[in-house]
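Enquirer: Below is a structure I'd like to ask you about.
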Amino acid sequence: MLEMRRLLLVLLFSQILVSSTFAQKVGVTMAGGVARGFAYLGALQELVMRGMPLDLIVGTSAGAMVSGLYASGYSFDTVADIFSELQHHQNDLARVTFPPTKGLLDIRGLETVYRALVNNQQLENTSPQLAIMVTKLEVAPSIALTSGDLTTAMRASISLPIVFPAVEIDGHYYADGGLKNPIPVDVARNLGSSVVISIRGLGEPNVKPDNLISSLGLTVAAVTLPVDQAQPDLTVRVKAYDAQYFDFGSARELIKRGRETASENWLEIAKILEQKNIKLNPVGDPHSKNPVNQLWRSRLEQGLNLARVIPAELTMAPQIELGPSAFDWGTRVGAPSAWGSLGLGLEATGGILGNFGIAGGYVKLLNAPESSGYARLEYRFSSDLRVYGTFDPARRPTNTSWELGIEFRDSDFGIRLSLDSQAIGLTGTARAEFQDFRFSSSLEFRFGENLNPRIESQIAFKWQILGSPWFTRARALIGYSSNTQGFALGSSSLLRAYPEAYLTRPSVLIANLEFGYRFQIPNVLGIASLEPEIRIFTDFGWDFNSSYLFDAGIGINLPGRWFGFLPFNLGMDLAFGSLGARVTVFTVLPTVWK
């Protein structure tokens, strides 16, 4: 009898021990949406920082991408720093392919950078435990990957069909994990979590199938959402539907939004943990002191260097230009241009062309008789170094119709050696940026019949209260040129928009001041974000030939981004001043990110 009692006590104690151990496992599921995953990361950060234990993350698509970095040992703050830096390198991460082959976007660059950041991490070695959802295309089951290469699993999980190419793993093809199980609560339960917190997006209000994008989105949601979906203990719903897919620049704002939403849910989550007899961890991020947080910059640079030498797929893109462009053309003193040019052409890069790029088309100056065909050819040794040749008589401000050159340019420094029929030119540029302060300077010499030095320095500042639509922008420029070609001082005002668009004076000291109001239209048809702005501006300064420069005006600008990363800009200005009245229309409509 005594032995029986002892056996029952041992069994009871074992059951209590097992139940207690099992109850202490907390799992979190994180939904997808590319850049929208930053909002979900912010929610997770708030919960962990408040002491919620975290034993398992089941990530889908964007949720897999952001949680993979955290589970590799980085702190939440470091992950935010990484994506804030990546916004400056999106041309190295993704490229539009036209015509599309395996997908609309080539993201081999993103995969390469991510692999360097996680240092070839394996899923079984992550902390907390990480499971990544993927969909097997042949028979379409939803699969949770818990072992193997983290980067490959992440890359498969974000592969939305048509947009991104599918990923091959062991002879099978996999795509976005959200296609069959976008909210994998059942997976978290099966992996031992007794408490499951689901972090996902808040549904967009009043969505109607009134355009192609919304119709596709609603159809996919209806088809993929499981009817018998397992329910989490609590769902944290973060407003993220207004974020564009590749808008890495909004990472910190989305993280902040996620933290605020999770904070609102904290008391209810703490109550659930208490009911399950789960003790809270010390307040703070347990990864904050990991040595890996000191390595991310060097790993990022290594990944970017590798991404920049990936052979690009063949891309053919139409070129559409209206108004002032980035090419070296403009007006001479006394004949200011009002409208600029209209150009139509085609550009081809990558693929069978290798490191070569070719472009050709036709350009018409809208207020002048000049018009001609143009052609450009370049060869890139790397992302920073290229040789080029241009034939573009209509847009060149001098009597030369062609130019050959070699150029080195990175984010901070550039140097160019050029040759045309009149002179040899040597130009050096330097740039620096500190939050809202930007500085740039250039020094140019042209060696022909006369030595023609050119010196230019610019300072720019933009001030805007966080969250306020009102902004102030100020710029100043000092320049000297010994020839009559003069300086390019901007388009929509003398220092606005594109510094190489108009040639006005050979030597100047001039400043620009603007006040404006900027709107936010975050989601247009699901493919674009807009930031329309209305501004008043003035330019004032002194020509070293003893004449003053002054104008004032009002402008409307429509900058935006396709899919969160392809920029475009439309605008018009009306100005009055010492140069007379002028109406300026300008546009940038890129179809390929370079």
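To be explicit about the labels: the chains of the structure tokens are called A, B, and onward in the order shown, and within each one the residues are counted from 1, while ligands get numbers from 1 in the order they are shown.
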Would you kindly return, as a PyMOL selection string, each protein, DNA or RNA residue with an atom no farther than 7 Å from any atom of region 349-363 of chain A, considering only C-alpha atoms and excluding same-chain residues fewer than 3 positions away?
Expert: chain A and resi 311-316+341-346+371-380
Enquirer: Using only C-alpha atoms, which residues sit within 9 Å of region 268-275 of chain A once same-chain residues fewer than 3 positions away are excluded, as a PyMOL selection string?
Expert: chain A and resi 24+26+47+52+195+197+233-234+264-265+278-280
Enquirer: Taking 6 positions as the minimum chain separation for residues in the same chain, which residues sit within 7 Å of Gly51 (chain A) when counting only C-alpha atoms? Answer as a PyMOL selection string.
Expert: chain A and resi 280-284
Enquirer: How would the residues just picked look written out with N, CA, C and O atoms as a short mmCIF file (atom, residue, chain, number, x, y, z; two decimals), in the first residue's frame?
Expert:
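Final output, again39.cif:
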data_model
loop_
_atom_site.label_atom_id
_atom_site.label_comp_id
_atom_site.auth_asym_id
_atom_site.auth_seq_id
_atom_site.Cartn_x
_atom_site.Cartn_y
_atom_site.Cartn_z
N LEU A 280 6.88 36.59 -15.45
CA LEU A 280 7.46 37.54 -16.38
C LEU A 280 8.98 37.55 -16.26
O LEU A 280 9.54 37.30 -15.18
N ASN A 281 9.65 37.83 -17.36
CA ASN A 281 11.10 38.01 -17.37
C ASN A 281 11.46 39.41 -16.89
O ASN A 281 10.60 40.29 -16.80
N PRO A 282 12.73 39.64 -16.59
CA PRO A 282 13.15 41.02 -16.28
C PRO A 282 12.83 41.95 -17.44
O PRO A 282 12.89 41.56 -18.61
N VAL A 283 12.50 43.18 -17.13
CA VAL A 283 12.16 44.15 -18.15
C VAL A 283 13.38 44.44 -19.02
O VAL A 283 14.50 44.56 -18.52
N GLY A 284 13.16 44.54 -20.35
CA GLY A 284 14.25 44.85 -21.26
C GLY A 284 14.42 43.80 -22.34
O GLY A 284 13.77 42.75 -22.32
#
Enquirer: Rank nothing, just name the residue among A:Leu202, A:Met154, A:Ile143, A:Val28 nearest to Ala188 (chain A), using only C-alpha atoms.
Expert: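 Result for the nearest residue to Ala188 (chain A): A:Val28.
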Enquirer: Quick one: of A:Glu46, A:Asp573, A:Asp420, A:Glu407, who's nearest to Ile556 (chain A), counting only C-alpha atoms?
Expert: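 With only C-alpha atoms as the atom set, the closest residue is A:Asp573.
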Enquirer: For region 110-112 of chain A, find every residue with an atom within 10 Å (counting only C-alpha atoms), except residues of its own chain fewer than 6 positions away, and show them as a PyMOL selection string.
Expert: chain A and resi 86+89-94+151-152+154-155+300+302-308+310
Enquirer: Please return, as a VMD selection string, all residues of region 74-179 of chain A that DSSP assigns to helix (DSSP H, G or I) on the basis of the backbone.
Expert: chain A and resid 76 to 93 108 to 118 123 to 125 150 to 157 177 to 179
Enquirer: Residues at most 12 Å from Gly178 (chain A), counting only C-alpha atoms, excluding those fewer than 3 positions away in the same chain, as a PyMOL selection string?
Expert: chain A and resi 29-34+58-64+132-136+140-144+156-161+174-175+181-184+200+220-221+223-226
Enquirer: Find the residues near Val185 (chain A): any atom within 7 Å, counting only C-alpha atoms, skip ones fewer than 6 places away on the same chain, and give them as a list in words.
Expert: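 Returned residues: Thr29, Val196, Ala230, Gln231 and Pro232 of chain A.
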Enquirer: Pull N, CA, C and O atoms from the residues just selected and write them as a short mmCIF file (atom, residue, chain, number, x, y, z; two decimals), in the first residue's frame.
Expert:
data_model
loop_
_atom_site.label_atom_id
_atom_site.label_comp_id
_atom_site.auth_asym_id
_atom_site.auth_seq_id
_atom_site.Cartn_x
_atom_site.Cartn_y
_atom_site.Cartn_z
N THR A 29 2.97 34.26 -33.29
CA THR A 29 2.90 34.16 -34.75
C THR A 29 2.96 35.57 -35.33
O THR A 29 2.31 36.49 -34.82
N VAL A 196 -0.39 31.32 -27.11
CA VAL A 196 -0.03 31.80 -28.44
C VAL A 196 -0.61 33.21 -28.63
O VAL A 196 -1.81 33.42 -28.49
N ALA A 230 -7.16 27.59 -36.16
CA ALA A 230 -6.98 27.56 -34.71
C ALA A 230 -6.93 28.98 -34.18
O ALA A 230 -6.43 29.89 -34.84
N GLN A 231 -7.45 29.17 -32.98
CA GLN A 231 -7.55 30.50 -32.41
C GLN A 231 -6.41 30.75 -31.40
O GLN A 231 -6.11 29.90 -30.57
N PRO A 232 -5.79 31.93 -31.45
CA PRO A 232 -4.76 32.27 -30.48
C PRO A 232 -5.40 32.67 -29.15
O PRO A 232 -6.62 32.87 -29.06
#
Enquirer: As an exercise, work out the distance from CA of Pro128 (chain A) to CA of Tyr70 (chain A) in Å and give it to one decimal place.
Expert: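 So the answer is 8.6 Å.
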Enquirer: I'd like the neighbourhood of Ser578 (chain A) as an NGL selection string, where a residue qualifies if any of its atoms comes within 8 Å (using only C-alpha atoms), though same-chain residues fewer than 2 positions away should be ignored.
Expert: :A and (548-551 or 576 or 580)
